[in-house]
file coords-v7.txt (compact mmCIF, C-alpha atoms and all ligand atoms)
# COMPACT_ATOMS: atom_id res chain seq x y z
CA MET A 1 0.00 0.00 0.00
CA SER A 2 1.25 3.51 -0.77
CA ASP A 3 1.54 6.05 2.07
CA ALA A 4 -1.47 7.91 0.66
CA ALA A 5 -3.57 4.73 0.54
CA ILE A 6 -2.59 3.88 4.12
CA LEU A 7 -3.58 7.37 5.28
CA GLU A 8 -6.91 7.15 3.50
CA ARG A 9 -7.63 3.72 4.98
CA SER A 10 -6.63 4.89 8.48
CA GLN A 11 -8.93 7.91 8.24
CA ALA A 12 -11.84 5.77 7.08
CA LEU A 13 -11.63 3.26 9.96
CA PRO A 14 -14.41 3.38 12.56
CA GLN A 15 -13.68 5.67 15.53
CA ASN A 16 -13.71 2.83 18.06
CA ILE A 17 -10.73 1.04 16.50
CA PRO A 18 -7.49 1.83 18.33
CA GLN A 19 -4.85 3.22 15.98
CA MET A 20 -1.18 3.05 16.97
CA ASP A 21 1.18 5.80 15.93
CA PHE A 22 4.51 4.23 16.88
CA ASP A 23 6.74 2.27 14.47
CA PRO A 24 7.07 -1.38 15.61
CA TYR A 25 10.31 -1.60 13.59
CA ASP A 26 11.95 1.45 15.11
CA VAL A 27 15.29 0.41 16.63
CA GLU A 28 14.32 1.74 20.06
CA VAL A 29 11.06 -0.23 19.98
CA LEU A 30 12.85 -3.41 18.89
CA LYS A 31 15.25 -3.06 21.80
CA ASN A 32 12.57 -2.29 24.37
CA PRO A 33 9.36 -3.82 22.98
CA TYR A 34 7.43 -4.73 26.11
CA PRO A 35 5.92 -1.34 26.99
CA TYR A 36 4.62 -1.16 23.40
CA HIS A 37 3.16 -4.67 23.64
CA GLU A 38 1.37 -3.63 26.80
CA MET A 39 0.09 -0.45 25.18
CA MET A 40 -1.37 -2.43 22.25
CA ARG A 41 -2.82 -5.16 24.50
CA GLU A 42 -4.57 -2.61 26.65
CA ALA A 43 -5.78 -0.51 23.69
CA GLY A 44 -7.87 -3.32 22.21
CA SER A 45 -8.09 -6.90 21.03
CA VAL A 46 -7.17 -5.86 17.48
CA VAL A 47 -5.29 -2.62 16.77
CA TRP A 48 -4.35 -0.76 13.60
CA ILE A 49 -0.71 0.19 12.93
CA ARG A 50 -0.91 3.49 11.05
CA LYS A 51 2.69 3.54 9.92
CA TYR A 52 2.31 0.31 7.95
CA GLY A 53 -1.42 0.05 7.31
CA CYS A 54 -1.72 -3.33 8.96
CA TRP A 55 -3.44 -4.92 11.96
CA ALA A 56 -1.77 -6.25 15.09
CA VAL A 57 -3.00 -8.81 17.60
CA THR A 58 -1.21 -8.90 20.92
CA ARG A 59 -3.59 -10.65 23.34
CA TYR A 60 -3.23 -14.40 23.91
CA GLU A 61 -6.74 -15.30 22.70
CA GLU A 62 -6.56 -13.39 19.43
CA VAL A 63 -3.02 -14.53 18.61
CA ARG A 64 -4.12 -18.15 19.13
CA THR A 65 -7.29 -17.65 17.09
CA VAL A 66 -5.43 -16.23 14.10
CA LEU A 67 -2.65 -18.85 14.17
CA ASN A 68 -5.12 -21.72 14.46
CA ASP A 69 -7.27 -20.60 11.52
CA TYR A 70 -4.93 -21.18 8.58
CA GLN A 71 -7.76 -20.95 6.05
CA THR A 72 -8.81 -17.42 6.99
CA TYR A 73 -5.32 -16.23 7.93
CA VAL A 74 -2.92 -17.63 5.38
CA SER A 75 0.88 -17.86 5.47
CA SER A 76 1.26 -18.10 1.70
CA ALA A 77 1.10 -14.30 1.29
CA GLY A 78 4.29 -14.15 3.39
CA VAL A 79 4.82 -14.25 7.16
CA GLY A 80 6.58 -10.89 7.00
CA TYR A 81 5.23 -7.42 6.35
CA ALA A 82 5.52 -7.73 2.57
CA ASN A 83 2.29 -8.88 0.93
CA PHE A 84 3.08 -11.55 -1.67
CA ARG A 85 -0.54 -11.54 -2.76
CA THR A 86 -0.76 -7.88 -3.72
CA GLU A 87 2.90 -7.17 -4.67
CA GLU A 88 5.64 -9.01 -6.49
CA PRO A 89 7.60 -11.01 -3.82
CA PHE A 90 10.98 -9.34 -3.18
CA ARG A 91 12.41 -12.73 -2.09
CA PRO A 92 11.43 -16.35 -2.70
CA PRO A 93 8.76 -17.48 -0.18
CA SER A 94 9.74 -20.31 2.16
CA LEU A 95 8.49 -23.66 0.87
CA VAL A 96 7.17 -24.63 4.29
CA LEU A 97 6.71 -21.56 6.48
CA GLU A 98 5.04 -19.58 3.71
CA ALA A 99 2.76 -22.25 2.30
CA ASP A 100 -0.76 -23.34 3.22
CA PRO A 101 -2.11 -26.87 3.25
CA PRO A 102 -1.96 -29.00 1.16
CA ALA A 103 1.37 -27.62 -0.23
CA HIS A 104 2.49 -26.98 3.33
CA THR A 105 1.70 -30.52 4.45
CA ARG A 106 3.78 -31.93 1.60
CA ALA A 107 6.80 -29.75 2.44
CA ARG A 108 6.60 -30.26 6.19
CA LYS A 109 6.62 -34.06 5.98
CA PRO A 110 10.32 -34.47 4.98
CA LEU A 111 11.38 -31.98 7.69
CA ALA A 112 9.41 -33.79 10.37
CA ALA A 113 10.88 -37.10 9.21
CA ALA A 114 14.44 -35.74 9.11
CA ILE A 115 14.27 -34.59 12.74
CA SER A 116 11.96 -37.29 14.10
CA ASN A 117 12.65 -38.63 17.59
CA LYS A 118 14.27 -41.68 16.03
CA ALA A 119 16.59 -39.55 13.87
CA LEU A 120 17.41 -37.28 16.79
CA ALA A 121 18.25 -40.21 19.05
CA GLN A 122 21.23 -40.96 16.81
CA HIS A 123 22.69 -37.53 17.58
CA GLN A 124 21.67 -37.25 21.20
CA GLU A 125 24.91 -38.66 22.60
CA GLU A 126 26.94 -36.14 20.60
CA PHE A 127 24.73 -33.25 21.80
CA THR A 128 25.38 -34.34 25.40
CA LYS A 129 29.12 -34.85 24.83
CA GLN A 130 29.53 -31.43 23.23
CA ALA A 131 27.58 -29.76 26.04
CA LYS A 132 30.22 -31.07 28.43
CA VAL A 133 33.03 -29.78 26.18
CA TYR A 134 31.53 -26.25 26.02
CA VAL A 135 30.74 -26.12 29.75
CA ASP A 136 34.26 -27.40 30.62
CA ARG A 137 35.69 -24.62 28.49
CA ALA A 138 33.42 -21.97 29.97
CA LEU A 139 34.25 -23.04 33.53
CA GLU A 140 37.95 -22.92 32.74
CA MET A 141 37.50 -19.34 31.49
CA GLY A 142 35.37 -18.36 34.50
CA GLU A 143 34.42 -14.99 33.04
CA ILE A 144 32.62 -15.52 29.78
CA ASP A 145 30.31 -13.92 27.31
CA GLY A 146 27.22 -16.11 27.72
CA SER A 147 26.18 -15.25 24.19
CA ARG A 148 29.43 -15.83 22.31
CA ASP A 149 30.82 -18.70 24.40
CA LEU A 150 27.66 -20.74 25.01
CA ALA A 151 24.46 -19.53 23.31
CA VAL A 152 26.14 -19.08 19.92
CA ALA A 153 29.05 -21.51 20.12
CA TYR A 154 27.14 -24.62 21.18
CA PRO A 155 24.20 -24.60 18.70
CA LEU A 156 26.57 -23.58 15.91
CA LYS A 157 28.56 -26.74 16.59
CA VAL A 158 25.94 -29.39 17.31
CA PHE A 159 23.08 -28.47 14.98
CA PRO A 160 24.99 -28.07 11.68
CA ASP A 161 26.94 -31.23 12.62
CA ALA A 162 23.64 -33.09 12.91
CA VAL A 163 22.46 -31.63 9.60
CA GLY A 164 25.70 -32.90 8.03
CA LEU A 165 27.31 -29.58 7.15
CA ALA A 166 31.07 -29.20 6.66
CA PRO A 167 32.84 -27.52 9.62
CA ASP A 168 34.29 -24.50 7.80
CA GLY A 169 32.79 -21.01 7.81
CA ARG A 170 29.80 -21.75 10.03
CA GLU A 171 29.52 -18.14 11.23
CA THR A 172 27.96 -17.55 7.80
CA LEU A 173 24.88 -19.34 9.15
CA LEU A 174 24.41 -16.48 11.59
CA ASP A 175 24.56 -13.96 8.75
CA TYR A 176 22.10 -16.09 6.81
CA GLY A 177 19.64 -16.26 9.72
CA ASN A 178 20.01 -12.54 10.25
CA ILE A 179 19.05 -11.88 6.61
CA VAL A 180 16.08 -14.26 6.70
CA PHE A 181 14.64 -12.98 9.98
CA ASN A 182 15.25 -9.30 9.29
CA ALA A 183 13.35 -9.76 6.02
CA ILE A 184 10.22 -10.29 8.16
CA GLY A 185 10.16 -6.54 8.75
CA PRO A 186 9.67 -3.88 6.07
CA HIS A 187 12.39 -4.23 3.42
CA LYS A 188 12.09 -0.68 2.14
CA ASP A 189 13.59 2.19 4.16
CA ASN A 190 14.61 -0.11 6.98
CA ALA A 191 18.19 0.36 8.16
CA VAL A 192 18.27 -2.93 10.10
CA PHE A 193 17.30 -4.90 6.99
CA ALA A 194 19.71 -2.92 4.80
CA ASP A 195 22.58 -3.64 7.19
CA ALA A 196 21.76 -7.36 7.44
CA THR A 197 21.67 -7.75 3.66
CA LYS A 198 24.94 -5.92 2.87
CA ASN A 199 26.69 -9.20 2.04
CA ALA A 200 23.61 -11.10 0.92
CA ALA A 201 25.13 -12.27 -2.38
CA ALA A 202 28.17 -13.89 -0.73
CA VAL A 203 26.08 -15.39 2.06
CA THR A 204 23.60 -16.86 -0.42
CA GLU A 205 26.38 -18.33 -2.52
CA TRP A 206 27.90 -19.98 0.57
CA ILE A 207 24.64 -21.41 1.82
CA MET A 208 23.64 -22.74 -1.62
CA ALA A 209 26.99 -24.52 -1.98
CA HIS A 210 27.00 -25.93 1.55
CA CYS A 211 23.44 -27.26 1.39
CA ALA A 212 23.90 -29.02 -1.95
CA ARG A 213 23.60 -32.79 -1.76
CA GLU A 214 27.28 -33.43 -2.53
CA ALA A 215 28.37 -31.10 0.29
CA LEU A 216 26.42 -32.92 3.02
CA SER A 217 27.71 -35.88 5.00
CA PRO A 218 25.70 -39.11 5.09
CA GLY A 219 23.47 -39.89 8.07
CA GLY A 220 22.55 -36.26 8.77
CA PHE A 221 19.17 -34.49 8.78
CA GLY A 222 20.11 -32.84 5.46
CA MET A 223 20.73 -36.08 3.56
CA SER A 224 17.53 -37.54 4.90
CA ILE A 225 15.66 -34.67 3.17
CA TYR A 226 17.43 -35.45 -0.12
CA GLU A 227 16.21 -39.05 0.24
CA PHE A 228 12.68 -37.70 -0.31
CA ALA A 229 13.95 -36.41 -3.67
CA ASP A 230 15.36 -39.86 -4.45
CA ARG A 231 11.89 -41.30 -3.87
CA GLY A 232 10.32 -38.68 -6.13
CA GLU A 233 8.44 -36.97 -3.28
CA LEU A 234 10.38 -33.71 -3.76
CA THR A 235 12.39 -32.21 -6.59
CA GLU A 236 16.13 -31.82 -6.05
CA ASP A 237 15.65 -28.03 -5.81
CA GLU A 238 12.89 -28.38 -3.23
CA ALA A 239 15.10 -30.66 -1.14
CA GLY A 240 17.86 -28.01 -1.18
CA MET A 241 15.35 -25.33 -0.20
CA LEU A 242 14.15 -27.41 2.74
CA VAL A 243 17.68 -28.05 3.98
CA ARG A 244 18.23 -24.29 3.88
CA SER A 245 14.92 -23.74 5.71
CA LEU A 246 16.07 -26.07 8.46
CA LEU A 247 19.27 -24.09 8.86
CA SER A 248 17.69 -20.64 8.69
CA ALA A 249 14.97 -21.62 11.18
CA GLY A 250 17.12 -23.73 13.47
CA VAL A 251 20.18 -21.65 14.36
CA ASP A 252 19.21 -18.10 15.37
CA THR A 253 16.16 -19.34 17.25
CA THR A 254 18.11 -21.67 19.53
CA VAL A 255 20.94 -19.15 19.88
CA SER A 256 18.27 -16.74 21.05
CA GLY A 257 16.42 -19.24 23.28
CA ILE A 258 19.56 -20.35 25.11
CA GLY A 259 20.95 -16.80 25.33
CA ASN A 260 17.66 -15.40 26.62
CA ALA A 261 17.56 -18.12 29.28
CA LEU A 262 21.13 -17.30 30.37
CA TYR A 263 20.24 -13.60 30.43
CA LEU A 264 17.20 -14.27 32.65
CA PHE A 265 19.23 -16.45 35.01
CA SER A 266 21.97 -13.84 35.28
CA LYS A 267 19.28 -11.34 36.35
CA ASN A 268 17.46 -13.78 38.67
CA PRO A 269 20.03 -15.57 40.88
CA ASP A 270 17.29 -17.14 43.04
CA GLN A 271 15.94 -18.95 39.97
CA TRP A 272 19.41 -20.29 39.12
CA ALA A 273 19.79 -21.49 42.73
CA LYS A 274 16.51 -23.42 42.29
CA LEU A 275 17.69 -24.98 39.03
CA HIS A 276 21.08 -25.88 40.50
CA GLU A 277 19.33 -27.55 43.40
CA ASP A 278 17.05 -29.50 41.07
CA PRO A 279 18.47 -29.80 37.51
CA SER A 280 15.48 -31.95 36.56
CA LEU A 281 13.65 -28.63 36.16
CA THR A 282 15.82 -27.73 33.14
CA ARG A 283 13.16 -28.25 30.45
CA HIS A 284 10.57 -26.46 32.55
CA ALA A 285 12.98 -23.56 33.03
CA PHE A 286 13.72 -23.33 29.31
CA GLU A 287 10.01 -23.22 28.47
CA GLU A 288 9.50 -20.45 31.01
CA ALA A 289 12.49 -18.54 29.59
CA ILE A 290 11.14 -18.62 26.04
CA ARG A 291 7.69 -17.67 27.28
CA LEU A 292 9.08 -14.57 28.94
CA GLU A 293 11.77 -13.66 26.38
CA SER A 294 10.30 -15.20 23.25
CA PRO A 295 12.90 -15.71 20.51
CA VAL A 296 10.41 -15.06 17.67
CA GLN A 297 8.62 -11.86 18.62
CA ALA A 298 6.07 -11.53 15.82
CA PHE A 299 5.23 -12.95 12.39
CA PHE A 300 2.39 -12.02 10.06
CA ARG A 301 -0.61 -13.72 8.60
CA THR A 302 -2.77 -12.38 5.73
CA ALA A 303 -6.58 -12.47 5.66
CA SER A 304 -7.72 -14.55 2.68
CA LYS A 305 -11.24 -13.05 2.73
CA ASP A 306 -13.28 -10.33 4.40
CA THR A 307 -13.68 -11.46 7.97
CA GLU A 308 -14.23 -10.30 11.53
CA LEU A 309 -11.93 -10.74 14.50
CA SER A 310 -13.23 -9.92 17.98
CA GLY A 311 -15.76 -7.56 16.43
CA VAL A 312 -13.25 -5.82 14.14
CA LYS A 313 -13.77 -6.00 10.38
CA ILE A 314 -10.68 -7.21 8.54
CA ASN A 315 -10.58 -6.89 4.76
CA ALA A 316 -9.41 -9.58 2.38
CA TRP A 317 -5.59 -9.41 1.94
CA ASP A 318 -5.04 -7.24 5.01
CA LYS A 319 -1.88 -8.08 6.89
CA VAL A 320 -2.17 -9.11 10.55
CA MET A 321 0.89 -8.96 12.78
CA CYS A 322 0.75 -11.75 15.39
CA TYR A 323 2.79 -11.06 18.51
CA TYR A 324 3.81 -14.38 20.07
CA ALA A 325 5.94 -12.44 22.58
CA SER A 326 3.07 -10.26 23.74
CA ALA A 327 0.61 -13.17 24.00
CA ASN A 328 3.18 -14.83 26.24
CA ARG A 329 2.99 -11.88 28.67
CA ASP A 330 -0.75 -11.27 28.48
CA PRO A 331 -2.08 -10.86 32.04
CA ARG A 332 -5.41 -12.25 30.79
CA ARG A 333 -3.63 -15.61 30.43
CA TRP A 334 -0.66 -15.50 32.83
CA GLU A 335 -0.43 -14.65 36.49
CA ASN A 336 2.43 -12.23 37.20
CA PRO A 337 3.33 -12.43 33.50
CA ASP A 338 6.57 -10.43 33.75
CA LYS A 339 8.02 -12.62 36.49
CA PHE A 340 10.59 -15.29 35.65
CA ASP A 341 9.51 -18.31 37.66
CA ILE A 342 10.98 -21.66 36.62
CA THR A 343 8.39 -23.57 38.65
CA ARG A 344 5.53 -21.97 36.70
CA ASN A 345 3.60 -24.19 34.31
CA ALA A 346 4.44 -22.37 31.06
CA GLN A 347 2.60 -24.94 28.94
CA GLY A 348 0.41 -23.27 26.36
CA HIS A 349 2.98 -20.54 25.66
CA LEU A 350 3.12 -19.52 22.03
CA ALA A 351 6.90 -19.18 21.61
CA PHE A 352 6.83 -22.13 19.19
CA GLY A 353 3.61 -20.91 17.56
CA THR A 354 0.47 -23.04 17.35
CA GLY A 355 -1.64 -24.62 14.62
CA VAL A 356 -0.33 -26.22 11.44
CA HIS A 357 2.89 -24.17 11.43
CA ARG A 358 3.81 -24.93 15.04
CA CYS A 359 7.59 -25.22 15.16
CA VAL A 360 8.61 -28.51 13.59
CA GLY A 361 12.09 -28.24 15.15
CA ARG A 362 11.09 -27.70 18.76
CA VAL A 363 12.39 -31.14 19.76
CA VAL A 364 15.85 -30.13 18.52
CA ALA A 365 15.61 -26.94 20.59
CA TRP A 366 14.62 -28.99 23.64
CA VAL A 367 17.49 -31.45 23.17
CA GLU A 368 20.01 -28.60 22.89
CA ALA A 369 18.60 -26.75 25.90
CA ASP A 370 18.37 -29.92 28.02
CA ALA A 371 21.97 -30.81 27.23
CA LEU A 372 23.61 -27.41 27.67
CA LEU A 373 21.50 -25.86 30.42
CA GLY A 374 21.31 -29.23 32.22
CA GLU A 375 25.11 -29.53 32.23
CA LEU A 376 25.42 -25.95 33.50
CA ALA A 377 22.75 -26.55 36.15
CA ARG A 378 24.70 -29.46 37.60
CA ARG A 379 28.11 -27.81 37.55
CA VAL A 380 27.55 -24.09 38.13
CA LYS A 381 26.54 -22.82 41.55
CA ALA A 382 25.87 -19.24 40.54
CA ILE A 383 25.82 -16.99 37.49
CA GLU A 384 26.90 -13.40 38.16
CA PRO A 385 26.50 -10.60 35.62
CA THR A 386 29.79 -8.77 34.96
CA GLY A 387 28.49 -6.08 32.62
CA GLU A 388 25.45 -4.85 30.75
CA PRO A 389 24.06 -7.29 28.16
CA VAL A 390 23.91 -5.95 24.60
CA LEU A 391 20.70 -6.59 22.71
CA ARG A 392 20.67 -6.68 18.91
CA ALA A 393 18.03 -4.68 17.04
CA GLN A 394 16.48 -7.42 14.89
CA ASN A 395 13.18 -7.29 13.00
CA ALA A 396 11.85 -10.64 14.24
CA ILE A 397 14.14 -12.26 16.80
CA ARG A 398 15.00 -11.11 20.30
CA VAL A 399 18.68 -11.94 20.65
CA PHE A 400 21.60 -10.68 22.73
CA ASP A 401 24.95 -10.07 21.07
CA SER A 402 26.67 -10.08 24.42
CA ILE A 403 25.80 -11.30 27.94
CA PRO A 404 28.88 -10.79 30.13
CA MET A 405 28.87 -13.15 33.12
CA ARG A 406 30.96 -15.05 35.63
CA LEU A 407 30.31 -18.72 36.30
CA ILE A 408 30.89 -19.87 39.88
CA PRO A 409 31.62 -23.61 39.86
CA ALA A 410 29.73 -25.91 42.23
C1 LIG A 501 13.89 -22.02 20.82
C2 LIG A 501 13.98 -22.34 19.54
C3 LIG A 501 12.89 -22.13 18.53
C4 LIG A 501 11.84 -21.25 18.53
C5 LIG A 501 11.45 -20.27 19.61
C6 LIG A 501 11.11 -21.45 17.29
C7 LIG A 501 9.95 -20.75 16.93
C8 LIG A 501 9.17 -21.07 15.85
C9 LIG A 501 7.88 -20.49 15.57
C10 LIG A 501 7.20 -19.41 16.39
C11 LIG A 501 7.39 -21.08 14.45
C12 LIG A 501 6.02 -20.86 13.84
C13 LIG A 501 6.02 -19.87 12.72
C14 LIG A 501 4.62 -19.49 12.29
O1 LIG A 501 3.69 -19.47 13.10
O2 LIG A 501 4.47 -19.07 11.13
C15 LIG A 501 8.39 -22.00 13.98
C16 LIG A 501 8.31 -22.74 12.83
C17 LIG A 501 9.36 -23.50 12.34
N1 LIG A 501 10.51 -23.84 12.99
FE1 LIG A 501 11.06 -23.22 14.83
N2 LIG A 501 11.74 -22.40 16.57
C18 LIG A 501 12.83 -22.85 17.28
C19 LIG A 501 13.73 -23.82 16.89
C20 LIG A 501 13.73 -24.46 15.70
C21 LIG A 501 14.69 -25.45 15.27
C22 LIG A 501 15.87 -25.94 16.12
C23 LIG A 501 14.36 -25.81 14.00
C24 LIG A 501 15.02 -26.81 13.09
C25 LIG A 501 15.54 -27.93 13.54
C26 LIG A 501 13.16 -25.08 13.63
C27 LIG A 501 12.51 -25.16 12.42
C28 LIG A 501 11.29 -24.61 12.15
C29 LIG A 501 10.60 -24.75 10.89
C30 LIG A 501 11.12 -25.50 9.66
C31 LIG A 501 9.39 -24.06 11.00
C32 LIG A 501 8.28 -23.93 9.97
C33 LIG A 501 7.22 -24.94 10.30
C34 LIG A 501 5.98 -24.84 9.43
O3 LIG A 501 5.78 -23.82 8.76
O4 LIG A 501 5.22 -25.81 9.42
N3 LIG A 501 12.81 -24.27 14.68
N4 LIG A 501 9.45 -21.99 14.87
call {"tool": "encode", "arguments": {"input": "coords-v7.txt", "output": "structure tokens", "more": "lines below"}}
Ligand code: HEM
result
Amino acid sequence: MSDAAILERSQALPQNIPQMDFDPYDVEVLKNPYPYHEMMREAGSVVWIRKYGCWAVTRYEEVRTVLNDYQTYVSSAGVGYANFRTEEPFRPPSLVLEADPPAHTRARKPLAAAISNKALAQHQEEFTKQAKVYVDRALEMGEIDGSRDLAVAYPLKVFPDAVGLAPDGRETLLDYGNIVFNAIGPHKDNAVFADATKNAAAVTEWIMAHCAREALSPGGFGMSIYEFADRGELTEDEAGMLVRSLLSAGVDTTVSGIGNALYLFSKNPDQWAKLHEDPSLTRHAFEEAIRLESPVQAFFRTASKDTELSGVKINAWDKVMCYYASANRDPRRWENPDKFDITRNAQGHLAFGTGVHRCVGRVVAWVEADALLGELARRVKAIEPTGEPVLRAQNAIRVFDSIPMRLIPA
């Protein structure tokens, strides 16, 4: 929509519809989003974002409703701000994340098979072994950057290993993820997106080469996707796209999830003491961490027809921004929503989404978190902050570039 069309639409909306004047993709908002989430939640069940001419849902009920109704709120018009239905796509849509059933079902099947419990079990031992290696190293250092030394280093080792990627140049995966997730925001006049895509050509070349069949080692998640091409269930190109999807979706998210958990523990020593006392709470604690500091903050859906949501009229092909992170702090759903409490039952959180697109890789995230945070829980008595954490301004993911901390061994 042009600026003039957005203005006209905004002026024509009924008086009782709350209109927001802030820019959700402003760097300051990205770095401190929670007051804005609260403002939107309290303004209404569905609000209008004037800057972009789109809707936003921030309350738990509405976010769930939209995500669970894939026929009315489609993903195939893009899960970012860009509307692939009304404009020429500025990037290729994801084969799985940006498809609706039945195309989505067909693409999701090889991914689910590649990272099934059975497939994961073959890598579990290595995930556990590497967790010990990284925790040994961190304890030797004593003062660490929780982001660089654990939250980035560990997933960047174990996950691409399990996919079957060669060991060289893996930092490129972080650049790749940063491009993919920043592309969720507006791609025009957005400095964060422009910065992330500076080296897009080189990054794309690297990722294409490293995800090709001949570059992958046998026995990994990646090769198992190519086996679907061997059986004629995917084309060779589709298999490559799905391997790349796995890597774009599976690195930054776990880097963020583990980092956000470490950040929360560094700020809440009583919660670490509880986990150290009872490491069997590790999974519970991770779920609570990603409820409170949700790695994926918001994705979009697009209305496929004129419809109504909580009494608000939505037009066909309107964009709807769905805030997982805000739903996860909605006081209508959670008691003391801003409190980090690892004994809370965080089940029902939307950090992994819900409905047909619910994160297919969540088991991998759990295995990584269990291994690394579990090892830390057993061997670290306390986590002390040694400096201010540095948050990255990112259009979709909440991630720290630096979390300075000291680990006190048990
Ligand atoms: C803490 C870590 C993770 C978080 C918070 C997370 C979050 C999400 C969310 C919110 C969605 C739903 C998107 C939507 O509603 O449109 C999703 C989908 C997806 N995730 Fe994850 N994810 C994580 C880890 C992973 C990992 C490790 C992998 C790969 C092994 C992965 C692969 C995928 C894929 C392929 C999809 C698309 C599924 C579909 O469209 O059917 N994710 N994830």
call {"tool": "atom_distance", "arguments": {"input": "coords-v7.txt", "atom1": "CA of Ile290 (chain A)", "atom2": "CA of Pro24 (chain A)"}}
result
20.6 Å
call {"tool": "residues_around", "arguments": {"input": "coords-v7.txt", "residues": "Thr72 (chain A)", "least_positions_apart": "5", "cutoff": "12 Å", "atoms": "only C-alpha atoms", "output": "PyMOL selection string"}}
result
chain A and resi 65-67+77+100+301-309+314-320
call {"tool": "closest_atom_pairs", "arguments": {"input": "coords-v7.txt", "of": "chain A", "to": "ligand LIG 501 (chain A)", "cutoff": "7 Å", "atoms": "all atoms listed in the file", "output": "Markdown table"}}
result
| residue | atom | partner | partner_atom | distance |
| --- | --- | --- | --- | --- |
| A:Leu67 | CA | A:LIG501 | O1 | 6.5 |
| A:Ser75 | CA | A:LIG501 | O2 | 6.8 |
| A:Val79 | CA | A:LIG501 | O2 | 6.3 |
| A:Val96 | CA | A:LIG501 | O3 | 4.8 |
| A:Leu97 | CA | A:LIG501 | O3 | 3.3 |
| A:Glu98 | CA | A:LIG501 | O3 | 6.6 |
| A:His104 | CA | A:LIG501 | O4 | 6.8 |
| A:Arg108 | CA | A:LIG501 | O4 | 5.7 |
| A:Leu111 | CA | A:LIG501 | C30 | 6.8 |
| A:Ile115 | CA | A:LIG501 | C25 | 6.8 |
| A:Ser245 | CA | A:LIG501 | C30 | 5.8 |
| A:Leu246 | CA | A:LIG501 | C24 | 4.8 |
| A:Leu247 | CA | A:LIG501 | C24 | 6.6 |
| A:Ala249 | CA | A:LIG501 | C27 | 4.5 |
| A:Gly250 | CA | A:LIG501 | C21 | 3.5 |
| A:Val251 | CA | A:LIG501 | C22 | 6.3 |
| A:Thr253 | CA | A:LIG501 | C2 | 4.4 |
| A:Thr254 | CA | A:LIG501 | C2 | 4.2 |
| A:Ser256 | CA | A:LIG501 | C1 | 6.9 |
| A:Gly257 | CA | A:LIG501 | C1 | 4.5 |
| A:Ile290 | CA | A:LIG501 | C5 | 6.6 |
| A:Ser294 | CA | A:LIG501 | C5 | 6.3 |
| A:Pro295 | CA | A:LIG501 | C5 | 4.9 |
| A:Val296 | CA | A:LIG501 | C10 | 5.6 |
| A:Phe299 | CA | A:LIG501 | O2 | 6.3 |
| A:Leu350 | CA | A:LIG501 | C10 | 7.0 |
| A:Ala351 | CA | A:LIG501 | C5 | 5.1 |
| A:Phe352 | CA | A:LIG501 | C10 | 3.9 |
| A:Gly353 | CA | A:LIG501 | C10 | 4.1 |
| A:Thr354 | CA | A:LIG501 | O1 | 6.4 |
| A:Val356 | CA | A:LIG501 | O4 | 5.9 |
| A:His357 | CA | A:LIG501 | O4 | 3.5 |
| A:Arg358 | CA | A:LIG501 | C12 | 4.8 |
| A:Cys359 | CA | A:LIG501 | C16 | 3.5 |
| A:Val360 | CA | A:LIG501 | C28 | 4.9 |
| A:Gly361 | CA | A:LIG501 | C23 | 3.5 |
| A:Arg362 | CA | A:LIG501 | C19 | 5.1 |
| A:Val364 | CA | A:LIG501 | C22 | 4.8 |
| A:Ala365 | CA | A:LIG501 | C22 | 4.6 |
call {"tool": "residues_around", "arguments": {"input": "coords-v7.txt", "residues": "Leu391 (chain A)", "least_positions_apart": "6", "cutoff": "7 Å", "atoms": "only C-alpha atoms", "output": "PyMOL selection string"}}
result
chain A and resi 31+399-401
call {"tool": "residues_near_point", "arguments": {"input": "coords-v7.txt", "point": "(23.3, -8.2, 9.9)", "cutoff": "12 Å", "atoms": "all atoms listed in the file", "output": "list of chain:residue names"}}
result
A:Glu171, A:Thr172, A:Leu173, A:Leu174, A:Asp175, A:Tyr176, A:Gly177, A:Asn178, A:Ile179, A:Val180, A:Phe181, A:Asn182, A:Ala183, A:Ala191, A:Val192, A:Phe193, A:Ala194, A:Asp195, A:Ala196, A:Thr197, A:Lys198, A:Asn199, A:Ala200, A:Val203, A:Arg392, A:Ala393, A:Gln394, A:Asn395, A:Asp401
call {"tool": "atom_distance", "arguments": {"input": "coords-v7.txt", "atom1": "CA of Asp278 (chain A)", "atom2": "CA of Glu125 (chain A)"}}
result
22.1 Å
call {"tool": "atom_distance", "arguments": {"input": "coords-v7.txt", "atom1": "CA of Pro14 (chain A)", "atom2": "CA of Ser2 (chain A)"}}
result
20.6 Å
call {"tool": "closest_residue", "arguments": {"input": "coords-v7.txt", "among": "A:Val152, A:Leu407, A:Val63, A:Val29", "to": "Arg41 (chain A)", "atoms": "only C-alpha atoms"}}
result
A:Val63
call {"tool": "closest_residue", "arguments": {"input": "coords-v7.txt", "among": "A:Ala113, A:Ala119, A:Leu95, A:Met1", "to": "Tyr226 (chain A)", "atoms": "only C-alpha atoms"}}
result
A:Ala113
call {"tool": "residues_around", "arguments": {"input": "coords-v7.txt", "residues": "region 58-61 of chain A", "least_positions_apart": "6", "cutoff": "8 Å", "atoms": "all atoms listed in the file", "output": "PyMOL selection string"}}
result
chain A and resi 37+40-41+45-46+322-324+326-328+330+332-333
call {"tool": "closest_residue", "arguments": {"input": "coords-v7.txt", "among": "A:Tyr154, A:Pro160, A:Leu30, A:Val380", "to": "Pro269 (chain A)", "atoms": "all atoms listed in the file"}}
result
A:Val380
call {"tool": "residues_around", "arguments": {"input": "coords-v7.txt", "residues": "Gly387 (chain A)", "least_positions_apart": "6", "cutoff": "12 Å", "atoms": "all atoms listed in the file", "output": "NGL selection string"}}
result
:A and (143-146 or 263 or 266-267 or 402-406)
